[in-house]
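Q: Sharing a structure here in structure tokens format.
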Amino acid sequence: MSDVAAINKLVEKHEALKAEIAKVIIGQTVVIDQILLSIYTGGHSLLIGVPGLAKTLMVNTIAQTLGLDFKRIQFTPDLMPSDILGSEVLDQNRNFKFIKGPIFANIILADEINRTPPKTQAALLEAMQERSVTIAGQQHKLELPYFVLATQNPIEQEGTYPLPEAQLDRFMFAIELKYPSITEEMQVVKRTTSDVEASVNALFNAQEILEVQHLVRRIPVPDNVVEYAVKLVNSTRPNLESASDFVKQFIDWGAGPRASQNLILGAKANAAIHGKFSPDIEDVKAVAMGILRHRIIKNYKAEAEGISEDDIIGKLL
């Protein structure tokens, strides 16, 4: 199949996928789009939202429609690396045998990732980066495709271990979940308090998702789009001579080169799901908020004046 035909097929399947997910999840279309974009590009996502916004249900539903193996790990302060990676045990013949942990699945929901100590966070982040885990000196490959969708509750900060910036940078998107509208919430209440249970069908399989990932990477990008993405990331760095007064005033640290790479990958995937054979500047703008939000560190002045990361990115765009 040619790449043109493959993109046209992806547009159809993406729409069908969203219709399938909508059988269970009401609204949250922007959130679902961003999760799917990160899956089409092989990136990981961080979901930030208050409890009760159906984050777990959403990820589970997406895993089912993609035909992927799904595991949920509830992060707690006493969780050890071996609880998620697995461990070696002695069998009846006194030989060591490796028992796989819940990290061995295609989609991992890392629930409340900031509730667990850095040692356990680091174990998960190694798996995210390397797509493999090391136990007792032995390397075990993880099955592809492999995605981590981590959740964070923005309200309760007591007893949490915030992710360091270097680890946040490994997430392609930071996606904010908002409260549903009154109409959506009425639909949610009607649907969840009745005796009817919606079920979804798998529209993809693991091999097809890997093909989509290769397809997205093959999409050509014009130089002016790459230049726009790199200049946008560059404009977030306050220590450069070219930085604007606004950036110097409100930002402590800007985004790194990984942000530029993710902007281009995200723009390629965004172009593909809209039937375009090459991304333009609008595609970069469409994914910029989710890709840059967790990569810029605002200073105390921005904090004091109530300026959010989204306000800063909006101004830069």
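In the structure tokens, chains take the letters A, B, ... in the order shown, each chain's residues start at 1, and ligands count up from 1 in the order shown.
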Among the residues of segment 26-88 of chain A, find those DSSP assigns to helix (DSSP H, G or I) from the backbone and print them as an MDAnalysis selection string.
A: chainID A and resid 29:41 55:65 81:85
Q: With a cut-off of 7 Å, could you pull out the residues of segment 56-78 of chain A touching segment 16-34 of chain A and give me the nearest pair of atoms for each, distance in Å to one decimal, using only C-alpha atoms, ordered by chain and ascending number, as a tab-separated table?
A:
residue	atom	partner	partner_atom	distance
A:Met58	CA	A:Ile25	CA	6.5
A:Thr61	CA	A:Ile21	CA	6.4
A:Ile62	CA	A:Ile21	CA	6.6
A:Thr65	CA	A:Leu17	CA	6.8
Q: Write a file of the just-selected residues containing C-alpha atoms, as a PDB file, in the first residue's frame.
A:
ATOM      1  CA  MET A  58     -10.621   6.314  29.204  1.00  0.00           C
ATOM      2  CA  THR A  61     -11.309   1.905  26.614  1.00  0.00           C
ATOM      3  CA  ILE A  62      -8.575   3.202  24.286  1.00  0.00           C
ATOM      4  CA  THR A  65     -10.274  -0.294  20.825  1.00  0.00           C
TER       5      THR A  65
END
Q: DSSP on the backbone: what in segment 44-225 of chain A comes out strand (DSSP E), as number ranges by chain?
A: A: 45-48, 70-74, 86-90, 96-100, 107-111, 132-135, 138-141, 147-152, 173-176
Q: Restricted to C-alpha atoms, what would the selected residues look like written as a compact mmCIF listing (two decimals), in the first residue's frame?
A:
# COMPACT_ATOMS: atom_id res chain seq x y z
CA SER A 45 1.50 10.96 27.95
CA LEU A 46 0.93 12.47 31.37
CA LEU A 47 -2.75 13.05 32.24
CA ILE A 48 -3.32 15.80 34.78
CA PHE A 70 -3.55 -3.17 29.21
CA LYS A 71 -2.35 -3.08 32.83
CA ARG A 72 -3.02 -0.56 35.57
CA ILE A 73 -0.49 0.10 38.32
CA GLN A 74 -1.68 2.07 41.35
CA GLY A 86 8.90 -8.32 38.40
CA SER A 87 11.43 -10.40 40.34
CA GLU A 88 13.43 -13.62 40.31
CA VAL A 89 12.11 -16.47 42.48
CA LEU A 90 13.39 -19.96 43.23
CA PHE A 96 15.91 -18.86 39.51
CA LYS A 97 12.87 -18.06 37.44
CA PHE A 98 11.81 -14.56 36.36
CA ILE A 99 8.19 -13.64 37.17
CA LYS A 100 7.11 -10.70 35.02
CA ILE A 107 -0.35 0.09 27.55
CA ILE A 108 0.49 0.87 31.16
CA LEU A 109 -1.67 3.19 33.21
CA ALA A 110 0.64 4.53 35.92
CA ASP A 111 -1.99 5.88 38.30
CA SER A 132 13.37 -2.85 28.28
CA VAL A 133 13.99 -3.62 31.96
CA THR A 134 17.07 -4.98 33.72
CA ILE A 135 16.56 -7.51 36.52
CA GLN A 138 19.50 -9.66 32.74
CA GLN A 139 17.84 -7.42 30.16
CA HIS A 140 14.22 -8.21 29.32
CA LYS A 141 12.73 -6.54 26.22
CA PHE A 147 3.04 3.26 25.98
CA VAL A 148 2.92 4.67 29.45
CA LEU A 149 -0.02 6.91 30.30
CA ALA A 150 0.65 8.34 33.74
CA THR A 151 -1.87 10.29 35.82
CA GLN A 152 -1.30 13.03 38.34
CA PHE A 173 2.32 15.27 26.04
CA ALA A 174 1.09 16.69 29.33
CA ILE A 175 -2.68 16.62 28.88
CA GLU A 176 -5.00 18.59 31.16
Q: Could you give me, as a list in words, the residues within 10 Å of Gly43 of chain A, counting only C-alpha atoms and dropping anything in the same chain fewer than 5 positions from it?
A: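 Those residues are Ile35, Leu36, Leu37, Ser38, Met128, Gln129, Tyr146, Phe147, Val148, Leu149, Arg170, Phe171, Met172, Phe173, Gln213, Asn262, Leu265 and Gly266 of chain A.
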Q: Deliver the residues from the most recent selection as a file, using N, CA and C atoms, as a PDB file, in the first residue's frame.
A:
ATOM      1  N   ILE A  35      -4.061  11.761  23.226  1.00  0.00           N
ATOM      2  CA  ILE A  35      -3.595  10.420  23.602  1.00  0.00           C
ATOM      3  C   ILE A  35      -3.336   9.593  22.339  1.00  0.00           C
ATOM      4  N   LEU A  36      -4.265   9.670  21.376  1.00  0.00           N
ATOM      5  CA  LEU A  36      -4.094   8.902  20.132  1.00  0.00           C
ATOM      6  C   LEU A  36      -2.893   9.403  19.331  1.00  0.00           C
ATOM      7  N   LEU A  37      -2.667  10.725  19.320  1.00  0.00           N
ATOM      8  CA  LEU A  37      -1.487  11.257  18.615  1.00  0.00           C
ATOM      9  C   LEU A  37      -0.206  10.710  19.243  1.00  0.00           C
ATOM     10  N   SER A  38      -0.186  10.628  20.587  1.00  0.00           N
ATOM     11  CA  SER A  38       1.039  10.117  21.230  1.00  0.00           C
ATOM     12  C   SER A  38       1.220   8.629  20.909  1.00  0.00           C
ATOM     13  N   MET A 128      10.237   3.205  30.068  1.00  0.00           N
ATOM     14  CA  MET A 128       9.689   4.123  29.064  1.00  0.00           C
ATOM     15  C   MET A 128      10.737   4.485  28.029  1.00  0.00           C
ATOM     16  N   GLN A 129      11.950   4.770  28.509  1.00  0.00           N
ATOM     17  CA  GLN A 129      13.004   5.255  27.623  1.00  0.00           C
ATOM     18  C   GLN A 129      13.619   4.125  26.804  1.00  0.00           C
ATOM     19  N   TYR A 146       4.625   0.058  22.912  1.00  0.00           N
ATOM     20  CA  TYR A 146       4.658   0.201  24.364  1.00  0.00           C
ATOM     21  C   TYR A 146       4.408   1.660  24.742  1.00  0.00           C
ATOM     22  N   PHE A 147       3.386   1.894  25.563  1.00  0.00           N
ATOM     23  CA  PHE A 147       3.036   3.258  25.980  1.00  0.00           C
ATOM     24  C   PHE A 147       2.798   3.323  27.463  1.00  0.00           C
ATOM     25  N   VAL A 148       3.260   4.404  28.059  1.00  0.00           N
ATOM     26  CA  VAL A 148       2.919   4.669  29.453  1.00  0.00           C
ATOM     27  C   VAL A 148       2.027   5.910  29.479  1.00  0.00           C
ATOM     28  N   LEU A 149       0.867   5.762  30.083  1.00  0.00           N
ATOM     29  CA  LEU A 149      -0.020   6.906  30.304  1.00  0.00           C
ATOM     30  C   LEU A 149      -0.078   7.087  31.816  1.00  0.00           C
ATOM     31  N   ARG A 170      10.405  13.171  29.514  1.00  0.00           N
ATOM     32  CA  ARG A 170      10.227  11.920  28.752  1.00  0.00           C
ATOM     33  C   ARG A 170       8.791  11.726  28.284  1.00  0.00           C
ATOM     34  N   PHE A 171       7.877  12.503  28.845  1.00  0.00           N
ATOM     35  CA  PHE A 171       6.486  12.422  28.382  1.00  0.00           C
ATOM     36  C   PHE A 171       6.325  13.350  27.183  1.00  0.00           C
ATOM     37  N   MET A 172       5.770  12.816  26.121  1.00  0.00           N
ATOM     38  CA  MET A 172       5.582  13.635  24.923  1.00  0.00           C
ATOM     39  C   MET A 172       4.550  14.737  25.199  1.00  0.00           C
ATOM     40  N   PHE A 173       3.397  14.321  25.754  1.00  0.00           N
ATOM     41  CA  PHE A 173       2.316  15.275  26.036  1.00  0.00           C
ATOM     42  C   PHE A 173       2.038  15.347  27.532  1.00  0.00           C
ATOM     43  N   GLN A 213       3.009   3.986  13.174  1.00  0.00           N
ATOM     44  CA  GLN A 213       4.156   4.729  13.709  1.00  0.00           C
ATOM     45  C   GLN A 213       5.230   4.934  12.642  1.00  0.00           C
ATOM     46  N   ASN A 262       9.572  16.419  19.424  1.00  0.00           N
ATOM     47  CA  ASN A 262       8.174  16.032  19.663  1.00  0.00           C
ATOM     48  C   ASN A 262       7.187  16.923  18.920  1.00  0.00           C
ATOM     49  N   LEU A 265       7.176  15.510  15.378  1.00  0.00           N
ATOM     50  CA  LEU A 265       6.466  14.214  15.338  1.00  0.00           C
ATOM     51  C   LEU A 265       4.966  14.404  15.532  1.00  0.00           C
ATOM     52  N   GLY A 266       4.607  15.254  16.517  1.00  0.00           N
ATOM     53  CA  GLY A 266       3.192  15.529  16.789  1.00  0.00           C
ATOM     54  C   GLY A 266       2.516  16.191  15.592  1.00  0.00           C
TER      55      GLY A 266
END
Q: For Arg115 of chain A, work out the shell of residues within 8 Å, counting only C-alpha atoms and skipping chain neighbours fewer than 4 positions away, then give it as a ChimeraX atom specification.
A: /A:75-77,159-161
Q: In Å, rounded to a single decimal, give me how far atom CA of Val226 of chain A is from atom CA of Ile264 of chain A.
A: 6.8 Å
Q: Rounded to one decimal place, report the atom CA of Ile219 of chain A-atom CA of Thr41 of chain A distance in Å.
A: 11.6 Å
Q: To one decimal place in Å, what is the distance between atom CA of Lys13 of chain A and atom CA of Glu211 of chain A?
A: 13.3 Å
Q: Quick one: of A:Asn205, A:Pro118, A:Gly275, A:Glu227, who's nearest to Asp78 of chain A, counting only C-alpha atoms?
A: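 For Asp78 of chain A, the nearest of the candidates is A:Pro118.
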